[in-house]
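J.: Got input-v7.txt for you, compact mmCIF, C-alpha atoms:
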# COMPACT_ATOMS: atom_id res chain seq x y z
CA MET A 3 -14.37 10.55 230.21
CA LEU A 4 -17.81 11.40 228.84
CA ARG A 5 -18.16 14.66 226.94
CA GLY A 6 -21.49 16.42 227.34
CA ALA A 7 -23.28 19.60 226.30
CA PHE A 8 -26.28 21.51 227.59
CA ILE A 9 -29.28 22.12 225.39
CA GLY A 10 -30.92 24.87 227.42
CA PHE A 11 -29.02 26.68 230.15
CA GLY A 12 -31.62 28.09 232.51
CA ASN A 13 -31.85 28.05 236.30
CA VAL A 14 -31.92 24.28 236.79
CA ALA A 15 -28.98 23.75 234.43
CA GLN A 16 -26.84 26.46 235.99
CA ASN A 17 -27.72 25.91 239.65
CA GLY A 18 -28.66 22.24 239.74
CA HIS A 19 -26.99 20.17 237.02
CA LEU A 20 -23.72 21.98 236.35
CA PRO A 21 -22.36 21.76 239.93
CA GLY A 22 -23.05 18.03 239.87
CA TRP A 23 -21.21 17.52 236.58
CA GLN A 24 -18.28 19.68 237.68
CA ALA A 25 -17.88 17.63 240.85
CA ARG A 26 -16.98 14.56 238.74
CA ASP A 27 -13.67 13.75 237.06
CA ASP A 28 -15.21 11.33 234.54
CA ILE A 29 -17.57 13.82 232.84
CA ALA A 30 -16.76 17.10 231.09
CA ILE A 31 -19.27 19.72 229.97
CA VAL A 32 -17.69 21.10 226.83
CA ALA A 33 -20.45 23.18 225.22
CA ALA A 34 -23.95 24.63 225.46
CA THR A 35 -26.69 26.31 223.48
CA ASP A 36 -29.93 28.08 224.35
CA VAL A 37 -32.58 29.91 222.35
CA LEU A 38 -32.01 32.83 224.72
CA ALA A 39 -28.69 34.37 223.69
CA SER A 40 -28.63 36.16 227.05
CA ARG A 41 -27.66 32.85 228.70
CA ARG A 42 -24.32 32.84 226.89
CA ASP A 43 -22.46 34.98 229.43
CA ALA A 44 -23.74 32.96 232.38
CA PHE A 45 -22.55 29.71 230.79
CA LEU A 46 -19.13 30.97 229.75
CA LYS A 47 -18.56 32.49 233.18
CA ALA A 48 -19.35 29.13 234.80
CA CYS A 49 -17.46 27.13 232.13
CA PRO A 50 -14.75 29.44 230.76
CA HIS A 51 -13.00 26.68 228.80
CA SER A 52 -16.17 25.48 227.06
CA ARG A 53 -17.89 26.71 223.91
CA TRP A 54 -21.20 28.41 223.25
CA TYR A 55 -23.26 27.82 220.10
CA GLU A 56 -26.06 29.93 218.74
CA SER A 57 -28.05 26.92 217.54
CA ILE A 58 -28.49 23.20 218.14
CA ASP A 59 -27.45 22.56 214.54
CA ASP A 60 -24.12 24.30 215.10
CA LEU A 61 -23.60 22.45 218.39
CA LEU A 62 -24.25 18.98 216.96
CA ALA A 63 -22.22 19.66 213.83
CA SER A 64 -19.17 21.04 215.62
CA GLU A 65 -18.70 19.01 218.81
CA MET A 66 -17.61 15.41 219.42
CA LEU A 67 -20.06 14.49 222.17
CA ASP A 68 -21.16 11.45 224.13
CA PHE A 69 -24.36 12.96 225.54
CA VAL A 70 -26.56 16.01 225.83
CA ASP A 71 -28.23 17.35 228.96
CA ILE A 72 -31.63 18.74 227.94
CA CYS A 73 -32.85 21.51 230.26
CA THR A 74 -35.40 23.26 228.07
CA PRO A 75 -39.11 23.72 228.80
CA PRO A 76 -40.83 20.30 228.54
CA GLY A 77 -42.77 21.08 225.39
CA ALA A 78 -39.52 20.86 223.39
CA HIS A 79 -38.18 17.66 224.96
CA ALA A 80 -39.50 15.11 222.47
CA GLU A 81 -38.07 16.86 219.40
CA LEU A 82 -34.72 17.50 221.08
CA ILE A 83 -34.41 13.92 222.29
CA ASP A 84 -35.09 12.71 218.76
CA ARG A 85 -32.42 15.07 217.39
CA ALA A 86 -29.88 13.77 219.89
CA LEU A 87 -30.67 10.11 219.28
CA ARG A 88 -30.39 10.60 215.51
CA SER A 89 -26.92 12.03 216.23
CA GLU A 90 -26.13 8.81 218.16
CA LEU A 91 -25.91 10.60 221.51
CA HIS A 92 -27.06 9.52 224.94
CA VAL A 93 -29.62 11.80 226.57
CA LEU A 94 -30.12 13.09 230.08
CA CYS A 95 -33.39 15.02 230.17
CA GLU A 96 -35.14 17.07 232.81
CA LYS A 97 -38.60 15.94 233.89
CA PRO A 98 -41.22 15.60 232.61
CA LEU A 99 -39.64 13.50 229.89
CA VAL A 100 -42.44 14.38 227.44
CA THR A 101 -45.83 16.09 227.54
CA GLU A 102 -47.82 13.86 225.17
CA PRO A 103 -48.36 10.07 225.30
CA ASN A 104 -47.49 9.57 221.61
CA HIS A 105 -44.19 11.34 222.26
CA ALA A 106 -43.40 8.82 225.00
CA ARG A 107 -43.92 5.93 222.60
CA SER A 108 -41.76 7.64 220.00
CA VAL A 109 -38.92 8.26 222.46
CA ALA A 110 -38.98 4.63 223.61
CA ALA A 111 -38.83 3.35 220.03
CA SER A 112 -36.08 5.79 219.02
CA ALA A 113 -33.92 4.96 222.06
CA ALA A 114 -34.21 1.24 221.32
CA SER A 115 -33.41 1.75 217.65
CA ALA A 116 -30.42 4.00 218.35
CA GLY A 117 -29.07 1.80 221.14
CA ARG A 118 -28.61 4.87 223.33
CA VAL A 119 -29.62 5.76 226.88
CA VAL A 120 -32.49 8.15 227.59
CA TYR A 121 -32.42 8.99 231.28
CA THR A 122 -34.89 11.32 233.03
CA VAL A 123 -33.85 13.43 236.02
CA HIS A 124 -35.75 11.73 238.85
CA ASN A 125 -33.71 13.61 241.42
CA TRP A 126 -36.19 13.49 244.31
CA LEU A 127 -35.43 9.80 244.78
CA LYS A 128 -31.85 10.98 245.50
CA ALA A 129 -32.96 13.41 248.23
CA PRO A 130 -31.81 12.33 251.74
CA VAL A 131 -35.44 12.12 252.88
CA CYS A 132 -36.50 9.85 250.02
CA LEU A 133 -33.33 7.77 250.20
CA LYS A 134 -34.17 7.03 253.84
CA VAL A 135 -37.78 6.17 253.03
CA SER A 136 -36.58 3.84 250.26
CA ALA A 137 -34.11 2.17 252.61
CA LEU A 138 -36.77 1.60 255.28
CA ILE A 139 -39.23 0.13 252.80
CA ASP A 140 -36.58 -2.07 251.16
CA ALA A 141 -35.49 -3.33 254.59
CA GLY A 142 -39.07 -4.38 255.39
CA ALA A 143 -39.38 -1.91 258.26
CA VAL A 144 -43.15 -1.52 257.71
CA GLY A 145 -43.83 -4.81 255.95
CA ARG A 146 -46.05 -4.89 252.87
CA THR A 147 -47.11 -1.38 251.87
CA ARG A 148 -50.82 -0.68 252.23
CA SER A 149 -51.04 3.02 251.46
CA ILE A 150 -48.85 5.94 250.45
CA ARG A 151 -49.97 9.54 250.92
CA TRP A 152 -48.04 12.37 249.26
CA ARG A 153 -48.77 16.06 249.76
CA THR A 154 -47.05 19.02 248.08
CA VAL A 155 -48.15 22.57 248.87
CA ARG A 156 -46.71 25.65 247.19
CA THR A 157 -47.78 29.28 246.93
CA GLY A 158 -47.08 29.24 243.19
CA PRO A 159 -44.86 27.66 240.53
CA ALA A 160 -41.09 27.88 240.80
CA ALA A 161 -39.38 30.70 238.93
CA ALA A 162 -38.06 29.93 235.46
CA VAL A 163 -35.86 31.67 232.94
CA GLY A 164 -37.99 32.86 230.01
CA SER A 165 -38.40 35.45 227.33
CA GLU A 166 -40.35 38.66 227.81
CA ARG A 167 -43.36 36.95 226.24
CA ASN A 168 -43.08 33.89 228.47
CA ALA A 169 -41.81 35.06 231.86
CA ASN A 170 -42.45 31.61 233.35
CA TRP A 171 -42.95 28.65 231.02
CA ARG A 172 -44.50 26.58 233.84
CA ILE A 173 -47.79 28.43 233.44
CA ASP A 174 -47.82 28.14 229.64
CA PRO A 175 -49.51 24.83 228.70
CA GLU A 176 -47.68 24.64 225.35
CA LEU A 177 -44.29 24.93 227.04
CA GLY A 178 -44.86 23.33 230.44
CA GLY A 179 -47.38 20.65 229.55
CA GLY A 180 -50.27 21.61 231.79
CA GLY A 181 -49.58 22.92 235.27
CA ILE A 182 -48.73 21.25 238.54
CA LEU A 183 -49.55 17.71 237.39
CA PHE A 184 -46.60 17.82 234.97
CA ASP A 185 -44.33 19.72 237.34
CA HIS A 186 -44.67 18.38 240.89
CA GLY A 187 -46.96 15.53 239.84
CA TRP A 188 -44.14 13.85 237.93
CA HIS A 189 -42.02 13.74 241.13
CA ALA A 190 -44.92 12.41 243.20
CA LEU A 191 -45.70 9.67 240.68
CA TYR A 192 -42.21 8.26 240.26
CA CYS A 193 -41.62 8.27 244.02
CA THR A 194 -44.98 6.71 244.86
CA THR A 195 -44.71 3.99 242.22
CA HIS A 196 -41.07 3.34 243.16
CA TRP A 197 -42.22 2.54 246.70
CA GLY A 198 -45.61 1.01 245.99
CA GLY A 199 -45.34 -0.52 242.51
CA ALA A 200 -47.11 0.19 239.23
CA PRO A 201 -50.83 0.86 239.81
CA ASP A 202 -53.76 -1.01 238.28
CA GLY A 203 -56.05 2.01 238.21
CA ILE A 204 -56.04 5.79 238.56
CA ALA A 205 -58.54 8.59 239.20
CA ALA A 206 -57.85 12.31 239.26
CA VAL A 207 -59.43 15.73 239.66
CA LEU A 208 -57.60 18.78 238.30
CA GLU A 209 -58.65 22.26 239.41
CA ASN A 210 -57.84 25.92 238.80
CA ARG A 211 -57.95 27.58 242.20
CA ARG A 212 -55.64 30.50 241.46
CA PHE A 213 -54.69 30.67 237.76
CA HIS A 214 -58.24 31.10 236.52
CA ASP A 215 -57.16 32.72 233.25
CA ARG A 216 -54.96 29.79 232.17
CA PRO A 217 -55.94 26.17 231.41
CA ILE A 218 -53.09 24.68 233.41
CA GLY A 219 -54.52 23.11 236.57
CA ASP A 220 -52.85 24.53 239.67
CA THR A 221 -54.28 21.85 241.99
CA ALA A 222 -54.41 18.07 241.51
CA THR A 223 -55.86 15.21 243.54
CA VAL A 224 -54.81 11.77 242.31
CA THR A 225 -55.77 8.33 243.62
CA LEU A 226 -53.83 5.22 242.60
CA ASP A 227 -54.79 1.56 242.96
CA LEU A 228 -51.41 0.17 244.00
CA PRO A 229 -50.67 -3.57 244.07
CA GLY A 230 -50.77 -3.69 247.87
CA GLY A 231 -53.28 -0.94 248.60
CA SER A 232 -53.74 2.69 247.58
CA GLY A 233 -51.83 5.85 246.78
CA HIS A 234 -53.12 9.36 247.42
CA ILE A 235 -51.41 12.42 245.93
CA TYR A 236 -52.41 16.03 246.59
CA LEU A 237 -50.61 18.90 244.86
CA THR A 238 -51.33 22.63 244.78
CA TRP A 239 -49.79 25.91 243.69
CA ALA A 240 -52.62 27.73 245.47
CA GLY A 241 -51.50 27.17 249.06
CA ASP A 242 -50.51 29.63 251.76
CA GLU A 243 -47.32 27.78 252.72
CA ARG A 244 -44.47 25.78 251.21
CA SER A 245 -44.44 22.22 252.51
CA ASN A 246 -44.17 18.52 251.73
CA SER A 247 -45.35 15.51 253.69
CA ILE A 248 -45.31 11.75 253.08
CA GLU A 249 -47.11 8.95 254.91
CA VAL A 250 -46.38 5.27 254.23
CA GLU A 251 -48.64 2.77 255.99
CA GLY A 252 -47.56 -0.87 256.04
CA GLU A 253 -48.77 -4.07 257.61
CA GLN A 254 -46.16 -3.79 260.36
CA GLY A 255 -45.59 -0.08 260.79
CA HIS A 256 -45.87 3.49 259.62
CA ILE A 257 -43.42 6.01 258.14
CA SER A 258 -44.18 9.71 258.51
CA VAL A 259 -42.24 12.52 256.83
CA ALA A 260 -42.69 16.20 257.64
CA GLY A 261 -40.03 18.59 256.45
CA ASP A 262 -36.70 16.83 256.97
CA ARG A 263 -37.92 14.74 259.90
CA ILE A 264 -38.76 11.04 259.51
CA ILE A 265 -40.57 8.94 262.10
CA LEU A 266 -40.89 5.15 261.92
CA SER A 267 -43.56 3.76 264.21
CA THR A 268 -44.04 0.05 264.83
CA SER A 269 -45.84 -1.94 267.52
CA SER A 270 -42.63 -2.22 269.52
CA ALA A 271 -40.78 1.07 269.02
CA LYS A 272 -40.61 4.53 267.51
CA HIS A 273 -37.52 5.78 265.68
CA HIS A 274 -36.64 9.32 264.59
CA TRP A 275 -34.24 10.63 261.94
CA THR A 276 -33.42 14.07 260.60
CA CYS A 277 -32.43 14.05 256.93
CA PRO A 278 -31.87 17.63 255.75
CA PRO A 279 -32.72 19.36 253.55
CA SER A 280 -36.50 19.06 253.42
CA LEU A 281 -38.18 18.39 250.08
CA SER A 282 -39.63 21.90 250.11
CA GLU A 283 -36.27 23.64 250.50
CA GLY A 284 -35.14 25.22 247.23
CA SER A 285 -35.99 24.15 243.69
CA HIS A 286 -32.67 23.37 241.97
CA HIS A 287 -31.46 20.67 244.41
CA ARG A 288 -27.83 20.60 243.35
CA ASP A 289 -26.98 18.14 246.14
CA TRP A 290 -29.49 15.61 244.81
CA PHE A 291 -28.13 15.75 241.27
CA GLY A 292 -24.96 13.91 242.28
CA GLY A 293 -26.90 10.67 242.58
CA VAL A 294 -28.53 11.28 239.20
CA ALA A 295 -25.15 11.90 237.57
CA GLU A 296 -23.76 8.72 239.14
CA ASP A 297 -26.65 6.60 237.86
CA PHE A 298 -26.51 8.17 234.40
CA HIS A 299 -22.78 7.54 234.06
CA ALA A 300 -23.17 3.92 235.18
CA THR A 301 -26.11 3.36 232.81
CA VAL A 302 -24.22 4.80 229.84
CA THR A 303 -21.11 2.80 230.68
CA ILE A 304 -22.92 -0.54 230.81
CA ARG A 305 -25.50 0.45 228.17
CA GLY A 306 -28.32 -0.31 230.58
CA ARG A 307 -31.92 0.86 230.34
CA GLY A 308 -31.74 3.20 233.32
CA ASN A 309 -35.01 4.73 234.46
CA LEU A 310 -36.75 4.91 231.07
CA ASP A 311 -39.52 2.50 232.10
CA GLU A 312 -40.17 4.60 235.21
CA ALA A 313 -40.46 7.74 233.08
CA LEU A 314 -42.72 6.06 230.52
CA LEU A 315 -45.03 4.97 233.35
CA CYS A 316 -45.18 8.56 234.64
CA ALA A 317 -46.12 9.83 231.18
CA HIS A 318 -48.83 7.18 230.89
CA LEU A 319 -50.25 7.96 234.33
CA ILE A 320 -50.34 11.70 233.68
CA ASP A 321 -52.22 11.11 230.42
CA LEU A 322 -54.75 8.92 232.26
CA ALA A 323 -55.07 11.45 235.09
CA ARG A 324 -55.99 14.17 232.61
CA ARG A 325 -58.53 11.89 230.93
CA SER A 326 -60.00 10.91 234.29
CA SER A 327 -60.43 14.53 235.31
CA LEU A 328 -62.11 15.44 232.02
CA ALA A 329 -64.55 12.58 232.66
CA GLY A 330 -65.40 13.84 236.15
CA GLY A 331 -62.75 11.98 238.13
CA VAL A 332 -63.70 8.44 237.10
CA ARG A 333 -61.35 5.53 237.75
CA LEU A 334 -59.48 4.38 234.67
CA PRO A 335 -57.55 1.12 234.31
CA VAL A 336 -53.83 1.65 233.79
CA GLY A 337 -53.07 -1.31 231.52
CA ARG A 338 -49.70 -1.31 229.80
I need this file expressed as structure tokens, please.
T.:
Amino acid sequence: MLRGAFIGFGNVAQNGHLPGWQARDDIAIVAATDVLASRRDAFLKACPHSRWYESIDDLLASEMLDFVDICTPPGAHAELIDRALRSELHVLCEKPLVTEPNHARSVAASAASAGRVVYTVHNWLKAPVCLKVSALIDAGAVGRTRSIRWRTVRTGPAAAVGSERNANWRIDPELGGGGILFDHGWHALYCTTHWGGAPDGIAAVLENRRFHDRPIGDTATVTLDLPGGSGHIYLTWAGDERSNSIEVEGEQGHISVAGDRIILSTSSAKHHWTCPPSLSEGSHHRDWFGGVAEDFHATVTIRGRGNLDEALLCAHLIDLARRSSLAGGVRLPVGR
């Protein structure tokens, strides 16, 4: 039995993570803390036999824990991960893992020194749609991948629990990191590189099409030089619909995803699957968290590395994408 505690109990913790933890008999959530005292009642109602702490110091000093589940705005992740590792705890952390490249290096070094797991919530790879795409690619259904196209359209950022000063941390660059590239871009990058491999180069253009008064970038166009071809990612909070689509072109076939419908086309046949829910349905994705919880538990149990390398690559690519955009969208080598 692993004993865990929430650091931050907002929407994603309450509606996404907690149901996944409570569905398991080998993990117990025993405590929580949040800078917003108003979250206390929501937590204790959901976990009546657990304890609430007014500060992280009180939580870490009072509880015998195996791990913490960090669900705060991303700007606080690096410091909180460091606090947990210094307390010899494993860490499950919401994406993006960090918002600055030097923080990524620090987290990697601290995790190695502490001998503890740092696992980022890459829950979209656990969505039925993405699980099916992964299975088709792994089975060689389309042969060697030549191109991956990812498109995410939203009418605005997802709602978030915040203070009166910060009603939605996603549009505050200090708290959220910098707009849609850190939010939806993180998902697009770990999925695309999971299917196509680590890229050799990257180019990006970040735009403000709707949030003109904030330096966050509500629209991103990213091009990746993948080992077998190219990756193309388009993301926007300035759309007039809510949708996701994926196209994977291989030497022997093509995978198309629209909503929850997947089509595999080859020279000899066409196959159809429906894998609800679609990637654009909801924002907490409690059903997808079960796979994350399973992987985290297994990684902690065997003291494996988990998905830290995948998260570090995402942080590196986002840093390069921002640099590329500032330089006019030039291609930059990825390197290590």
J.: With distances taken over all atoms listed in the file, which of A:His92, A:Asp27, A:Asn13, A:Pro103 is nearest to Leu314 of chain A?
T.: A:Pro103
J.: Looking at all atoms listed in the file, which of A:His286, A:Arg153, A:Lys128, A:Arg85 is the one that sits closest to Asp59 of chain A?
T.: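 Of A:His286, A:Arg153, A:Lys128, A:Arg85, the one nearest Asp59 of chain A, counting all atoms listed in the file, is A:Arg85.
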J.: Can you list, as a PyMOL selection string, every protein, DNA or RNA residue that comes within 12 Å of Val224 of chain A when you count all atoms listed in the file, leaving out same-chain residues fewer than 4 positions away?
T.: chain A and resi 150-153+182-183+187-188+190-191+194+201+203-209+232-238+319-320+322-327+331-334
J.: Could you give me, as JSON, numbers by chain, the residues within 12 Å of Ser136 of chain A, counting all atoms listed in the file and dropping anything in the same chain fewer than 3 positions from it?
T.: {"A": [126, 127, 128, 129, 130, 131, 132, 133, 139, 140, 141, 142, 143, 144, 147, 193, 194, 195, 196, 197, 198, 250, 257, 264]}
J.: Determine the nearest neighbour of Pro21 of chain A from the options A:Asp289, A:Glu312, A:Asp60, A:Asp202, counting all atoms listed in the file.
T.: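 Nearest candidate to Pro21 of chain A out of A:Asp289, A:Glu312, A:Asp60, A:Asp202: A:Asp289.
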J.: For a quick check of understanding, using all atoms listed in the file, which of A:Ser267, A:Ser245, A:Thr122, A:Thr225 has the smallest distance to Arg156 of chain A?
T.: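 For Arg156 of chain A, the nearest of the candidates is A:Ser245.
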J.: At a cut-off of 10 Å, using only C-alpha atoms, what residues contact Lys272 of chain A? Leave out same-chain residues fewer than 3 positions from it and give the result as a PyMOL selection string.
T.: chain A and resi 255-257+265-269
J.: For Asp227 of chain A, which of A:Val155, A:Ala162, A:Val120, A:Val336 is the closest residue, counting all atoms listed in the file?
T.: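 Ranking A:Val155, A:Ala162, A:Val120, A:Val336 by distance to Asp227 of chain A, first place goes to A:Val336.
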J.: Can you measure atom CA of Asp242 of chain A to atom CA of Gly158 of chain A for me? One decimal in Å is fine.
T.: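 Atom CA of Gly158 of chain A lies 9.2 Å from atom CA of Asp242 of chain A.
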J.: Can you list, as a PyMOL selection string, every protein, DNA or RNA residue that comes within 10 Å of Val14 of chain A when you count all atoms listed in the file, leaving out same-chain residues fewer than 2 positions away?
T.: chain A and resi 10-12+16-20+73-74+96+162-163+285-288
J.: Can you tell me how far atom CA of Pro75 of chain A sits from atom CA of Val302 of chain A, in Å to one decimal?
T.: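 Computing it gives 24.1 Å between the two atoms.
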J.: Around the point (-41.5, 10.1, 226.4) (coordinates from the file), which residues reach within 8 Å if we count only C-alpha atoms? Answer as a list in words.
T.: Ala80, Leu99, Val100, Thr101, Glu102, Pro103, Asn104, His105, Ala106, Arg107, Ser108, Val109, Ala110, Ala313, Leu314 and Ala317 of chain A
J.: Expressed in Å to a single decimal, how great is the separation between atom CA of Ile218 of chain A and atom CA of Gly77 of chain A?
T.: 13.6 Å
J.: Given the choices A:Pro76, A:Gly292, A:Thr157, A:Gly231, which gets closest to Arg172 of chain A if the distance is worked out from all atoms listed in the file?
T.: A:Pro76
J.: Report as an NGL selection string all protein, DNA and RNA residues lying within 10 Å of Trp239 of chain A, evaluated on all atoms listed in the file, omitting residues in the same chain fewer than 5 positions from it.
T.: :A and (154-160 or 181-182 or 186 or 210-213 or 219-222 or 244)
J.: Could you give me, as a list in words, the residues that sit within 7 Å of (-29.4, 3.7, 218.3) in the file's coordinates, counting all atoms listed in the file?
T.: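 The answer, in the requested form, is Leu87, Glu90, Ala113, Ala114, Ser115, Ala116, Gly117 and Arg118 of chain A.
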J.: Since the input lacks some atoms of segment 13-28 of chain A, please model N, CA, C and O atoms and print them as a JSON list (two decimals), in the coordinates of the input.
T.:
[["chain", "number", "residue", "atom", "x", "y", "z"],
["A", 13, "ASN", "N", -32.15, 28.14, 234.87],
["A", 13, "ASN", "CA", -31.85, 28.05, 236.30],
["A", 13, "ASN", "C", -31.45, 26.65, 236.74],
["A", 13, "ASN", "O", -30.48, 26.47, 237.48],
["A", 14, "VAL", "N", -32.20, 25.63, 236.31],
["A", 14, "VAL", "CA", -31.92, 24.28, 236.79],
["A", 14, "VAL", "C", -30.60, 23.76, 236.23],
["A", 14, "VAL", "O", -29.87, 23.02, 236.91],
["A", 15, "ALA", "N", -30.26, 24.16, 234.99],
["A", 15, "ALA", "CA", -28.98, 23.75, 234.43],
["A", 15, "ALA", "C", -27.82, 24.41, 235.16],
["A", 15, "ALA", "O", -26.85, 23.75, 235.55],
["A", 16, "GLN", "N", -27.93, 25.71, 235.37],
["A", 16, "GLN", "CA", -26.84, 26.46, 235.99],
["A", 16, "GLN", "C", -26.68, 26.12, 237.47],
["A", 16, "GLN", "O", -25.55, 25.93, 237.94],
["A", 17, "ASN", "N", -27.79, 26.04, 238.18],
["A", 17, "ASN", "CA", -27.72, 25.91, 239.65],
["A", 17, "ASN", "C", -27.90, 24.49, 240.16],
["A", 17, "ASN", "O", -27.58, 24.22, 241.32],
["A", 18, "GLY", "N", -28.43, 23.60, 239.31],
["A", 18, "GLY", "CA", -28.66, 22.24, 239.74],
["A", 18, "GLY", "C", -27.74, 21.23, 239.08],
["A", 18, "GLY", "O", -26.98, 20.53, 239.75],
["A", 19, "HIS", "N", -27.76, 21.19, 237.73],
["A", 19, "HIS", "CA", -26.99, 20.17, 237.02],
["A", 19, "HIS", "C", -25.49, 20.46, 236.97],
["A", 19, "HIS", "O", -24.66, 19.58, 237.24],
["A", 20, "LEU", "N", -25.13, 21.68, 236.58],
["A", 20, "LEU", "CA", -23.72, 21.98, 236.35],
["A", 20, "LEU", "C", -22.84, 21.69, 237.57],
["A", 20, "LEU", "O", -21.76, 21.08, 237.41],
["A", 21, "PRO", "N", -23.21, 22.10, 238.78],
["A", 21, "PRO", "CA", -22.36, 21.76, 239.93],
["A", 21, "PRO", "C", -22.15, 20.26, 240.09],
["A", 21, "PRO", "O", -21.07, 19.82, 240.50],
["A", 22, "GLY", "N", -23.19, 19.47, 239.77],
["A", 22, "GLY", "CA", -23.05, 18.03, 239.87],
["A", 22, "GLY", "C", -22.09, 17.46, 238.84],
["A", 22, "GLY", "O", -21.27, 16.58, 239.14],
["A", 23, "TRP", "N", -22.15, 17.97, 237.60],
["A", 23, "TRP", "CA", -21.21, 17.52, 236.58],
["A", 23, "TRP", "C", -19.78, 17.93, 236.93],
["A", 23, "TRP", "O", -18.84, 17.15, 236.77],
["A", 24, "GLN", "N", -19.63, 19.17, 237.40],
["A", 24, "GLN", "CA", -18.28, 19.68, 237.68],
["A", 24, "GLN", "C", -17.63, 19.00, 238.87],
["A", 24, "GLN", "O", -16.40, 19.06, 239.03],
["A", 25, "ALA", "N", -18.43, 18.34, 239.70],
["A", 25, "ALA", "CA", -17.88, 17.63, 240.85],
["A", 25, "ALA", "C", -17.28, 16.28, 240.45],
["A", 25, "ALA", "O", -16.63, 15.62, 241.27],
["A", 26, "ARG", "N", -17.47, 15.87, 239.19],
["A", 26, "ARG", "CA", -16.98, 14.56, 238.74],
["A", 26, "ARG", "C", -15.74, 14.73, 237.86],
["A", 26, "ARG", "O", -15.60, 15.72, 237.14],
["A", 27, "ASP", "N", -14.86, 13.72, 237.91],
["A", 27, "ASP", "CA", -13.67, 13.75, 237.06],
["A", 27, "ASP", "C", -13.80, 12.82, 235.86],
["A", 27, "ASP", "O", -12.84, 12.65, 235.10],
["A", 28, "ASP", "N", -15.00, 12.22, 235.67],
["A", 28, "ASP", "CA", -15.21, 11.33, 234.54],
["A", 28, "ASP", "C", -16.22, 11.89, 233.55],
["A", 28, "ASP", "O", -16.65, 11.20, 232.62]]
